[in-house]
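For reference, entry35.cif is printed below; it contains mmCIF, C-alpha atoms.
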```
data_protein
#
loop_
_atom_site.label_atom_id
_atom_site.label_comp_id
_atom_site.auth_asym_id
_atom_site.auth_seq_id
_atom_site.Cartn_x
_atom_site.Cartn_y
_atom_site.Cartn_z
CA MET A 187 -15.03 -57.24 2.71
CA THR A 188 -15.17 -60.51 0.86
CA GLU A 189 -16.72 -61.39 -2.47
CA SER A 190 -19.39 -63.48 -0.80
CA SER A 191 -20.60 -60.75 1.54
CA SER A 192 -20.73 -58.35 -1.39
CA GLU A 193 -22.78 -60.94 -3.26
CA GLU A 194 -25.00 -61.39 -0.19
CA PHE A 195 -25.61 -57.65 0.01
CA LEU A 196 -26.62 -57.52 -3.63
CA GLN A 197 -28.97 -60.46 -3.10
CA LYS A 198 -30.65 -58.65 -0.23
CA ILE A 199 -31.22 -55.64 -2.46
CA LEU A 200 -32.60 -57.78 -5.26
CA LYS A 201 -34.90 -59.57 -2.84
CA ALA A 202 -36.18 -56.26 -1.43
CA LYS A 203 -36.84 -55.06 -4.99
CA GLU A 204 -38.70 -58.24 -5.83
CA GLU A 205 -40.90 -57.86 -2.76
CA LYS A 206 -41.17 -54.08 -3.21
CA ASN A 207 -40.00 -53.91 0.37
CA TRP A 208 -38.37 -50.49 0.15
CA SER A 209 -37.80 -50.14 3.87
CA ALA A 210 -35.49 -53.15 3.67
CA ILE A 211 -33.27 -51.20 1.30
CA ALA A 212 -33.09 -48.26 3.70
CA ASP A 213 -32.29 -50.68 6.53
CA LEU A 214 -29.31 -52.13 4.69
CA ILE A 215 -27.34 -48.88 4.70
CA PRO A 216 -26.34 -47.52 8.13
CA TYR A 217 -26.30 -43.87 7.04
CA PHE A 218 -29.86 -44.15 5.68
CA ASN A 219 -30.80 -45.41 9.14
CA TYR A 220 -29.06 -42.47 10.75
CA LEU A 221 -31.14 -40.13 8.57
CA GLY A 222 -34.26 -42.16 9.34
CA MET A 223 -34.89 -42.25 5.63
CA GLU A 224 -38.05 -43.85 4.31
CA VAL A 225 -38.83 -44.80 0.74
CA LEU A 226 -42.44 -44.14 -0.23
CA ASP A 227 -43.99 -45.62 -3.34
CA ARG A 228 -46.84 -43.33 -4.26
CA GLU A 229 -48.68 -44.19 -7.43
CA ASN A 230 -45.58 -45.44 -9.18
CA GLU A 231 -43.62 -42.50 -7.95
CA LEU A 232 -40.65 -43.04 -5.67
CA ILE A 233 -40.32 -40.41 -3.01
CA CYS A 234 -37.86 -40.43 -0.12
CA ARG A 235 -38.59 -38.83 3.21
CA ILE A 236 -36.60 -37.89 6.28
CA PRO A 237 -38.50 -37.05 9.47
CA GLN A 238 -38.24 -33.94 11.56
CA ASN A 239 -35.31 -34.36 13.92
CA LYS A 240 -33.54 -31.78 16.05
CA LYS A 241 -30.22 -33.53 15.48
CA PHE A 242 -30.27 -32.22 11.90
CA THR A 243 -30.29 -28.59 13.02
CA GLY A 244 -27.40 -26.63 11.50
CA ASN A 245 -28.55 -23.15 12.39
CA PRO A 246 -30.55 -22.91 15.60
CA THR A 247 -31.43 -19.24 15.14
CA LEU A 248 -33.66 -19.67 12.08
CA PRO A 249 -33.92 -22.63 12.86
CA ALA A 250 -32.72 -24.50 9.77
CA ILE A 251 -31.50 -27.97 8.83
CA HIS A 252 -27.76 -28.26 8.21
CA GLY A 253 -26.94 -27.93 4.51
CA GLY A 254 -24.88 -31.09 4.74
CA VAL A 255 -27.94 -33.09 5.78
CA VAL A 256 -29.92 -31.73 2.85
CA GLY A 257 -27.05 -32.64 0.51
CA ALA A 258 -26.69 -36.09 2.02
CA PHE A 259 -30.44 -36.66 1.74
CA LEU A 260 -30.43 -35.72 -1.95
CA GLU A 261 -27.46 -37.99 -2.63
CA SER A 262 -29.18 -40.82 -0.75
CA THR A 263 -32.40 -40.30 -2.71
CA ALA A 264 -30.49 -40.54 -5.98
CA LEU A 265 -28.81 -43.76 -4.82
CA VAL A 266 -32.10 -45.34 -3.72
CA HIS A 267 -33.68 -44.42 -7.04
CA LEU A 268 -30.83 -46.15 -8.88
CA LEU A 269 -31.04 -49.26 -6.69
CA VAL A 270 -34.77 -49.55 -7.15
CA THR A 271 -35.18 -48.72 -10.83
CA GLN A 272 -31.99 -50.00 -12.46
CA GLU A 273 -30.52 -53.44 -12.90
CA ILE A 274 -27.51 -53.23 -10.70
CA THR A 275 -24.55 -55.53 -10.33
CA GLN A 276 -22.84 -53.56 -7.58
CA LEU A 277 -23.51 -50.69 -5.21
CA PRO A 278 -23.24 -47.50 -7.34
CA LYS A 279 -20.46 -45.12 -6.32
CA ILE A 280 -20.84 -41.36 -6.22
CA ILE A 281 -18.40 -39.51 -8.52
CA THR A 282 -19.62 -35.91 -8.62
CA PHE A 283 -22.30 -34.13 -6.67
CA THR A 284 -23.43 -30.53 -7.19
CA ILE A 285 -26.10 -28.96 -5.05
CA ASP A 286 -27.90 -25.63 -5.27
CA TYR A 287 -29.50 -24.42 -2.08
CA LEU A 288 -32.67 -22.53 -2.97
CA ARG A 289 -34.30 -21.88 0.39
CA SER A 290 -33.35 -22.46 3.97
CA ALA A 291 -34.81 -25.76 5.13
CA LYS A 292 -36.93 -25.68 8.26
CA VAL A 293 -36.32 -28.27 10.96
CA ASP A 294 -39.19 -30.36 9.67
CA GLU A 295 -39.71 -33.42 7.48
CA CYS A 296 -38.19 -33.29 3.96
CA PHE A 297 -39.12 -35.09 0.78
CA ALA A 298 -37.06 -35.74 -2.32
CA GLU A 299 -37.40 -37.30 -5.72
CA ALA A 300 -34.81 -38.27 -8.31
CA VAL A 301 -34.90 -38.69 -12.06
CA ILE A 302 -32.29 -40.35 -14.18
CA THR A 303 -31.20 -37.91 -16.86
CA LYS A 304 -28.99 -40.48 -18.53
CA PRO A 305 -28.78 -44.12 -17.52
CA GLY A 306 -25.35 -44.82 -18.99
CA ARG A 307 -23.65 -48.18 -19.05
CA ARG A 308 -20.88 -46.97 -16.78
CA VAL A 309 -22.14 -43.67 -15.44
CA ALA A 310 -25.68 -42.67 -14.47
CA ASN A 311 -26.49 -38.97 -14.48
CA MET A 312 -29.27 -37.90 -12.10
CA ARG A 313 -31.24 -34.83 -11.11
CA VAL A 314 -32.63 -34.66 -7.60
CA ARG A 315 -35.00 -32.24 -5.92
CA ALA A 316 -36.01 -31.75 -2.29
CA TRP A 317 -38.94 -29.92 -0.77
CA GLN A 318 -40.82 -29.60 2.50
CA LYS A 319 -44.48 -28.67 2.86
CA ASP A 320 -44.94 -27.29 -0.64
CA ARG A 321 -43.72 -29.43 -3.48
CA SER A 322 -43.68 -26.47 -5.86
CA LYS A 323 -41.15 -24.71 -3.63
CA PRO A 324 -37.98 -26.81 -3.69
CA ILE A 325 -35.43 -26.21 -0.94
CA ALA A 326 -32.57 -27.65 -3.00
CA THR A 327 -31.79 -29.28 -6.31
CA ALA A 328 -28.77 -31.38 -7.17
CA ASN A 329 -27.01 -33.04 -10.03
CA ALA A 330 -25.20 -36.31 -9.40
CA ASN A 331 -23.07 -38.74 -11.39
CA PHE A 332 -22.73 -42.31 -10.16
CA LEU A 333 -20.38 -45.02 -11.35
CA VAL A 334 -22.66 -47.98 -11.87
CA SER A 335 -20.36 -50.69 -13.19
CA MET B 252 -14.95 -15.02 25.10
CA SER B 253 -15.96 -12.70 22.31
CA GLU B 254 -12.52 -11.18 21.69
CA ALA B 255 -10.57 -14.35 20.96
CA PHE B 256 -11.24 -16.12 17.71
CA ASP B 257 -9.63 -19.42 18.52
CA ILE B 258 -10.13 -23.17 18.32
CA THR B 259 -11.61 -23.48 21.79
CA GLN B 260 -14.20 -20.83 21.08
CA ILE B 261 -15.16 -22.35 17.73
CA GLN B 262 -15.32 -25.86 19.19
CA ASN B 263 -17.57 -24.50 21.91
CA ILE B 264 -19.84 -22.94 19.30
CA ILE B 265 -19.98 -26.20 17.36
CA ASP B 266 -20.77 -28.22 20.46
CA ILE B 267 -23.46 -25.89 21.75
CA ALA B 268 -24.84 -23.91 18.84
CA ILE B 269 -24.74 -26.35 15.92
CA PRO B 270 -26.68 -29.45 17.03
CA HIS B 271 -25.97 -31.47 13.90
CA CYS B 272 -22.23 -30.89 14.12
CA SER B 273 -22.14 -31.86 17.75
CA ASP B 274 -24.18 -34.97 16.96
CA ILE B 275 -21.75 -36.17 14.30
CA GLY B 276 -18.79 -35.19 16.47
CA VAL B 277 -16.77 -32.85 14.27
CA GLN B 278 -13.71 -31.26 15.82
CA VAL B 279 -11.65 -28.24 14.85
CA GLU B 280 -8.07 -29.33 14.17
CA SER B 281 -6.40 -26.09 13.15
CA LEU B 282 -7.29 -22.57 12.31
CA SER B 283 -5.77 -19.55 10.61
CA ASN B 284 -7.09 -16.61 8.62
CA ASP B 285 -6.44 -18.52 5.44
CA SER B 286 -7.66 -21.99 6.20
CA VAL B 287 -9.55 -24.18 8.61
CA VAL B 288 -9.06 -27.91 9.18
CA MET B 289 -11.81 -29.98 10.79
CA LYS B 290 -11.97 -33.67 11.65
CA LEU B 291 -14.81 -36.15 11.46
CA PRO B 292 -14.03 -39.22 13.60
CA TYR B 293 -14.93 -42.47 11.85
CA ASP B 294 -18.34 -43.68 12.99
CA GLU B 295 -20.26 -46.77 11.90
CA ARG B 296 -23.49 -44.75 11.92
CA PHE B 297 -22.31 -43.03 8.75
CA VAL B 298 -21.39 -46.07 6.69
CA GLY B 299 -22.72 -46.02 3.13
CA ASN B 300 -21.44 -49.40 2.02
CA PRO B 301 -22.04 -52.03 4.71
CA VAL B 302 -19.93 -54.57 2.84
CA THR B 303 -16.76 -52.49 2.90
CA GLY B 304 -17.51 -50.12 5.80
CA VAL B 305 -16.82 -47.11 3.58
CA LEU B 306 -18.51 -43.89 4.73
CA HIS B 307 -21.47 -42.49 2.81
CA GLY B 308 -20.63 -39.53 0.56
CA GLY B 309 -23.29 -37.49 2.32
CA ILE B 310 -21.41 -37.34 5.61
CA VAL B 311 -18.30 -36.16 3.76
CA THR B 312 -20.52 -33.47 2.19
CA THR B 313 -21.58 -32.38 5.67
CA LEU B 314 -17.98 -32.17 6.88
CA ILE B 315 -16.94 -30.18 3.78
CA ASP B 316 -19.95 -27.83 4.03
CA THR B 317 -19.23 -27.17 7.72
CA THR B 318 -15.50 -26.59 7.23
CA SER B 319 -16.14 -24.38 4.20
CA GLY B 320 -18.56 -22.18 6.13
CA MET B 321 -16.19 -22.05 9.07
CA CYS B 322 -13.32 -20.76 6.92
CA ILE B 323 -15.44 -17.74 6.02
CA TYR B 324 -15.85 -16.95 9.72
CA ALA B 325 -12.10 -17.39 10.16
CA LYS B 326 -11.32 -15.03 7.31
CA LEU B 327 -13.80 -12.41 8.57
CA GLN B 328 -12.87 -13.02 12.21
CA LYS B 329 -16.54 -12.82 13.08
CA TYR B 330 -19.75 -14.84 12.96
CA ILE B 331 -22.19 -13.26 10.54
CA PRO B 332 -25.16 -15.30 9.30
CA ILE B 333 -24.13 -17.16 6.14
CA ALA B 334 -25.83 -19.73 3.92
CA THR B 335 -24.45 -22.17 1.39
CA LEU B 336 -25.52 -21.15 -2.10
CA ASP B 337 -24.00 -23.99 -4.03
CA LEU B 338 -21.56 -26.76 -3.38
CA ARG B 339 -19.85 -29.10 -5.80
CA ILE B 340 -17.92 -32.15 -4.70
CA ASP B 341 -15.80 -34.51 -6.75
CA TYR B 342 -15.26 -37.84 -5.03
CA LEU B 343 -11.73 -38.77 -6.06
CA LYS B 344 -11.37 -42.04 -4.17
CA SER B 345 -13.18 -43.99 -1.48
CA ALA B 346 -12.57 -43.10 2.13
CA GLU B 347 -10.81 -45.92 3.98
CA PRO B 348 -13.00 -47.71 6.51
CA GLY B 349 -12.10 -47.08 10.13
CA LYS B 350 -10.11 -43.91 9.45
CA ASP B 351 -11.01 -40.37 10.50
CA VAL B 352 -11.68 -37.90 7.69
CA LEU B 353 -10.25 -34.39 7.72
CA ALA B 354 -11.30 -31.42 5.63
CA GLU B 355 -9.28 -28.33 4.86
CA ALA B 356 -11.11 -25.30 3.49
CA THR B 357 -9.81 -22.01 2.11
CA CYS B 358 -11.84 -18.91 1.38
CA TYR B 359 -9.98 -17.59 -1.65
CA ARG B 360 -12.25 -14.67 -2.43
CA LEU B 361 -14.65 -12.65 -0.38
CA THR B 362 -16.90 -9.93 -1.73
CA ARG B 363 -19.46 -7.88 0.14
CA GLN B 364 -22.14 -10.48 -0.49
CA ILE B 365 -20.48 -13.74 -1.55
CA GLY B 366 -17.72 -15.99 -0.20
CA PHE B 367 -15.90 -18.35 -2.58
CA VAL B 368 -14.36 -21.43 -1.00
CA ARG B 369 -12.39 -24.47 -2.03
CA ALA B 370 -11.92 -27.51 0.14
CA VAL B 371 -10.42 -30.98 0.20
CA ALA B 372 -11.25 -33.99 2.32
CA TYR B 373 -8.44 -36.44 3.13
CA HIS B 374 -7.09 -38.94 5.65
CA ASP B 375 -3.40 -38.22 6.17
CA ASN B 376 -2.36 -35.75 3.54
CA PRO B 377 -4.30 -32.96 1.80
CA ASP B 378 -2.21 -33.64 -1.29
CA ASP B 379 -3.82 -37.07 -1.51
CA PRO B 380 -7.50 -36.12 -1.25
CA ILE B 381 -10.63 -38.26 -0.96
CA ALA B 382 -12.77 -35.41 -2.29
CA ASN B 383 -12.34 -31.97 -3.80
CA SER B 384 -14.91 -29.24 -3.47
CA VAL B 385 -15.76 -25.70 -4.53
CA SER B 386 -18.61 -23.78 -2.96
CA THR B 387 -20.14 -20.35 -2.65
CA PHE B 388 -21.81 -18.79 0.36
CA MET B 389 -24.20 -15.88 0.77
CA LEU B 390 -23.03 -13.49 3.45
CA HIS B 391 -25.53 -11.79 5.77
CA SER B 392 -28.04 -14.39 4.62
CA SER B 393 -30.55 -13.60 7.32
CA ALA B 394 -31.20 -11.20 10.13
CA SER B 395 -30.67 -13.97 12.67
CA MET B 396 -28.35 -13.95 15.64
CA PRO B 397 -24.68 -14.76 15.02
CA LEU B 398 -23.54 -18.18 16.24
CA ASP B 399 -21.21 -16.94 18.94
CA ARG B 400 -24.15 -15.26 20.64
CA VAL B 401 -26.26 -18.40 20.30
CA SER B 402 -23.67 -20.47 22.10
CA THR B 403 -23.51 -18.06 25.00
CA GLU B 404 -27.27 -18.00 25.30
CA GLU B 405 -27.56 -21.63 26.37
CA GLY B 406 -27.70 -23.37 23.05
CA GLY B 407 -30.35 -21.12 21.55
CA ASN B 408 -32.92 -23.85 21.63
CA SER B 409 -35.90 -22.83 19.61
#
```
Can I see the file as structure tokens?
Amino acid sequence: MTESSSEEFLQKILKAKEEKNWSAIADLIPYFNYLGMEVLDRENELICRIPQNKKFTGNPTLPAIHGGVVGAFLESTALVHLLVTQEITQLPKIITFTIDYLRSAKVDECFAEAVITKPGRRVANMRVRAWQKDRSKPIATANANFLVS
Amino acid sequence: MSEAFDITQIQNIIDIAIPHCSDIGVQVESLSNDSVVMKLPYDERFVGNPVTGVLHGGIVTTLIDTTSGMCIYAKLQKYIPIATLDLRIDYLKSAEPGKDVLAEATCYRLTRQIGFVRAVAYHDNPDDPIANSVSTFMLHSSASMPLDRVSTEEGGNS
């Protein structure tokens, strides 16, 4: 709520970046914890992961993960990518988010990666992609704009 | 319970047949052929900014996606399998920490295969929205069992 706690939060993120302690970043944000999101650094490639969890089921007959969870995971992946790769002075704020659902997502672990299409001074434009077992078969793609300053 | 398409029936389906919705605690507020209003009680688990306590956009996406799908059922007065095709959300202002979020969705066009929906998320007044959304849904997206049957068959646990 106060300037100092906002400053403290930013310091924690900067410290985690310095130590490449990506799990610390996920721990800072309650909703990332709810998703059980992990940040994996694989050969200079940032990939986010959420585990299999029955609480994400949106359609028990298929069964499939709720579309909202897939959307939230993509948005979270974009945010983590910004936090980790960009010099930030505040927590980026989502402005627009557009998701295309390509396949129904099984109730299983999901992976996602983000790329920055345009790292603007005020707005960052991102593309995000999620998949499950087969990386060449994305379950969803999204476009996101974040206010970064 | 199959003849009445009412709030109690839908809430029952949410609580039993949609595990994620029951986990996040969404509630049906009101229902008509034209629109559905659902409520997400504020919950610290869903905070996206720990400094301010503002909810993460993703949980608002989930509420909007759920309400949007539900308004197709309300318009059809039945539970066919549907799937979100695409969903766009504009975040107009931050949600206020500690306050419940509501979403109102309207299916403004329904074809044989596609449902077109708009929705807003808000606290007190839909005319003062937190987020605005448009989405499309595939109808008859799979050969699976409709949700009302899942909820009567003990949660349909896979």
field: Explicit residue set for the PyMOL selection byres ((chain B and resi 328) around 10), as a list of chain:residue names
entry: B:Glu254, B:Ala255, B:Phe256, B:Asp257, B:Ser283, B:Asn284, B:Cys322, B:Ile323, B:Tyr324, B:Ala325, B:Lys326, B:Leu327, B:Lys329, B:Tyr330, B:Ile331
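With all atoms listed in the file taken into account, chain B has B:Ile269, B:Pro270, B:His271, B:Arg296, B:Phe297, B:Val298, B:Gly299, B:Val302, B:Thr303, B:Gly309, B:Thr312, B:Thr313, B:Asp316, B:Leu336, B:Asp337, B:Leu338, B:Arg339, B:Ile340, B:Asp341, B:Tyr342, B:Ser395 at most 6 Å from chain A.
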Grab the residues selected above and save them as a JSON list (two decimals), in the coordinates of the input with C-alpha atoms.
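For reference, result.json as written:
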```json
[["chain", "number", "residue", "atom", "x", "y", "z"],
["B", 269, "ILE", "CA", -24.74, -26.35, 15.92],
["B", 270, "PRO", "CA", -26.68, -29.45, 17.03],
["B", 271, "HIS", "CA", -25.97, -31.47, 13.90],
["B", 296, "ARG", "CA", -23.49, -44.75, 11.92],
["B", 297, "PHE", "CA", -22.31, -43.03, 8.75],
["B", 298, "VAL", "CA", -21.39, -46.07, 6.69],
["B", 299, "GLY", "CA", -22.72, -46.02, 3.13],
["B", 302, "VAL", "CA", -19.93, -54.57, 2.84],
["B", 303, "THR", "CA", -16.76, -52.49, 2.90],
["B", 309, "GLY", "CA", -23.29, -37.49, 2.32],
["B", 312, "THR", "CA", -20.52, -33.47, 2.19],
["B", 313, "THR", "CA", -21.58, -32.38, 5.67],
["B", 316, "ASP", "CA", -19.95, -27.83, 4.03],
["B", 336, "LEU", "CA", -25.52, -21.15, -2.10],
["B", 337, "ASP", "CA", -24.00, -23.99, -4.03],
["B", 338, "LEU", "CA", -21.56, -26.76, -3.38],
["B", 339, "ARG", "CA", -19.85, -29.10, -5.80],
["B", 340, "ILE", "CA", -17.92, -32.15, -4.70],
["B", 341, "ASP", "CA", -15.80, -34.51, -6.75],
["B", 342, "TYR", "CA", -15.26, -37.84, -5.03],
["B", 395, "SER", "CA", -30.67, -13.97, 12.67]]
```
message: Neighbouring residues of Asn207 (chain A) were defined as those with any atom within 12 Å, considering all atoms listed in the file; residues of the same chain fewer than 3 positions away were excluded. Please report them as number ranges by chain.
response: A: 198-204, 210-214, 224-227, 270
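Residue nearest Asp399 (chain B), chosen from B:Cys272, B:Leu314, B:Asp294, B:Pro332 and counting all atoms listed in the file: B:Pro332.
Interatomic distance, CA of Met396 (chain B) to CA of Ala334 (chain B): 13.3 Å.
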query: Hey, which of B:Glu347, B:Glu295, B:Asp285, B:Glu355 ends up closest to Ala370 (chain B)? Count all atoms listed in the file.
result: B:Glu355
- prompt: Can you list, as a ChimeraX atom specification, the residues that the PyMOL selection byres ((chain B and resi 266) around 12) selects here?
  reply: /A:241,244 /B:258-265,267-279,398-399,401-403,405-407
Could you write out the selected residues, including C-alpha atoms, as a PDB file, in the frame of the given file?
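Once written, out.pdb looks like this:
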```
ATOM      1  CA  LYS A 241     -30.220 -33.530  15.480  1.00  0.00           C
ATOM      2  CA  GLY A 244     -27.400 -26.630  11.500  1.00  0.00           C
TER       3      GLY A 244
ATOM      4  CA  ILE B 258     -10.130 -23.170  18.320  1.00  0.00           C
ATOM      5  CA  THR B 259     -11.610 -23.480  21.790  1.00  0.00           C
ATOM      6  CA  GLN B 260     -14.200 -20.830  21.080  1.00  0.00           C
ATOM      7  CA  ILE B 261     -15.160 -22.350  17.730  1.00  0.00           C
ATOM      8  CA  GLN B 262     -15.320 -25.860  19.190  1.00  0.00           C
ATOM      9  CA  ASN B 263     -17.570 -24.500  21.910  1.00  0.00           C
ATOM     10  CA  ILE B 264     -19.840 -22.940  19.300  1.00  0.00           C
ATOM     11  CA  ILE B 265     -19.980 -26.200  17.360  1.00  0.00           C
ATOM     12  CA  ILE B 267     -23.460 -25.890  21.750  1.00  0.00           C
ATOM     13  CA  ALA B 268     -24.840 -23.910  18.840  1.00  0.00           C
ATOM     14  CA  ILE B 269     -24.740 -26.350  15.920  1.00  0.00           C
ATOM     15  CA  PRO B 270     -26.680 -29.450  17.030  1.00  0.00           C
ATOM     16  CA  HIS B 271     -25.970 -31.470  13.900  1.00  0.00           C
ATOM     17  CA  CYS B 272     -22.230 -30.890  14.120  1.00  0.00           C
ATOM     18  CA  SER B 273     -22.140 -31.860  17.750  1.00  0.00           C
ATOM     19  CA  ASP B 274     -24.180 -34.970  16.960  1.00  0.00           C
ATOM     20  CA  ILE B 275     -21.750 -36.170  14.300  1.00  0.00           C
ATOM     21  CA  GLY B 276     -18.790 -35.190  16.470  1.00  0.00           C
ATOM     22  CA  VAL B 277     -16.770 -32.850  14.270  1.00  0.00           C
ATOM     23  CA  GLN B 278     -13.710 -31.260  15.820  1.00  0.00           C
ATOM     24  CA  VAL B 279     -11.650 -28.240  14.850  1.00  0.00           C
ATOM     25  CA  LEU B 398     -23.540 -18.180  16.240  1.00  0.00           C
ATOM     26  CA  ASP B 399     -21.210 -16.940  18.940  1.00  0.00           C
ATOM     27  CA  VAL B 401     -26.260 -18.400  20.300  1.00  0.00           C
ATOM     28  CA  SER B 402     -23.670 -20.470  22.100  1.00  0.00           C
ATOM     29  CA  THR B 403     -23.510 -18.060  25.000  1.00  0.00           C
ATOM     30  CA  GLU B 405     -27.560 -21.630  26.370  1.00  0.00           C
ATOM     31  CA  GLY B 406     -27.700 -23.370  23.050  1.00  0.00           C
ATOM     32  CA  GLY B 407     -30.350 -21.120  21.550  1.00  0.00           C
TER      33      GLY B 407
END
```
task: Apply the PyMOL selection byres ((chain A and resi 335) around 6) to the file shown and report the selected residues as a PyMOL selection string.
output: chain A and resi 308+333-334
Just C-alpha atoms for this one: save the residues we selected as a PDB file, keeping the file's coordinate frame.
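Saved file out-v9.pdb follows:
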```
ATOM      1  CA  ARG A 308     -20.880 -46.970 -16.780  1.00  0.00           C
ATOM      2  CA  LEU A 333     -20.380 -45.020 -11.350  1.00  0.00           C
ATOM      3  CA  VAL A 334     -22.660 -47.980 -11.870  1.00  0.00           C
TER       4      VAL A 334
END
```
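Taking CA of Asp351 (chain B) as the reference point, CA of Tyr293 (chain B) is found at 4.6 Å.
For the pair CA of Ser281 (chain B) and CA of Thr357 (chain B), the separation is 12.3 Å.
For the set A:Thr275, A:Asn311, A:Ser322, A:Gln238, the residue with the smallest atom-to-atom gap to Val293 (chain A) is A:Gln238, counting only C-alpha atoms.
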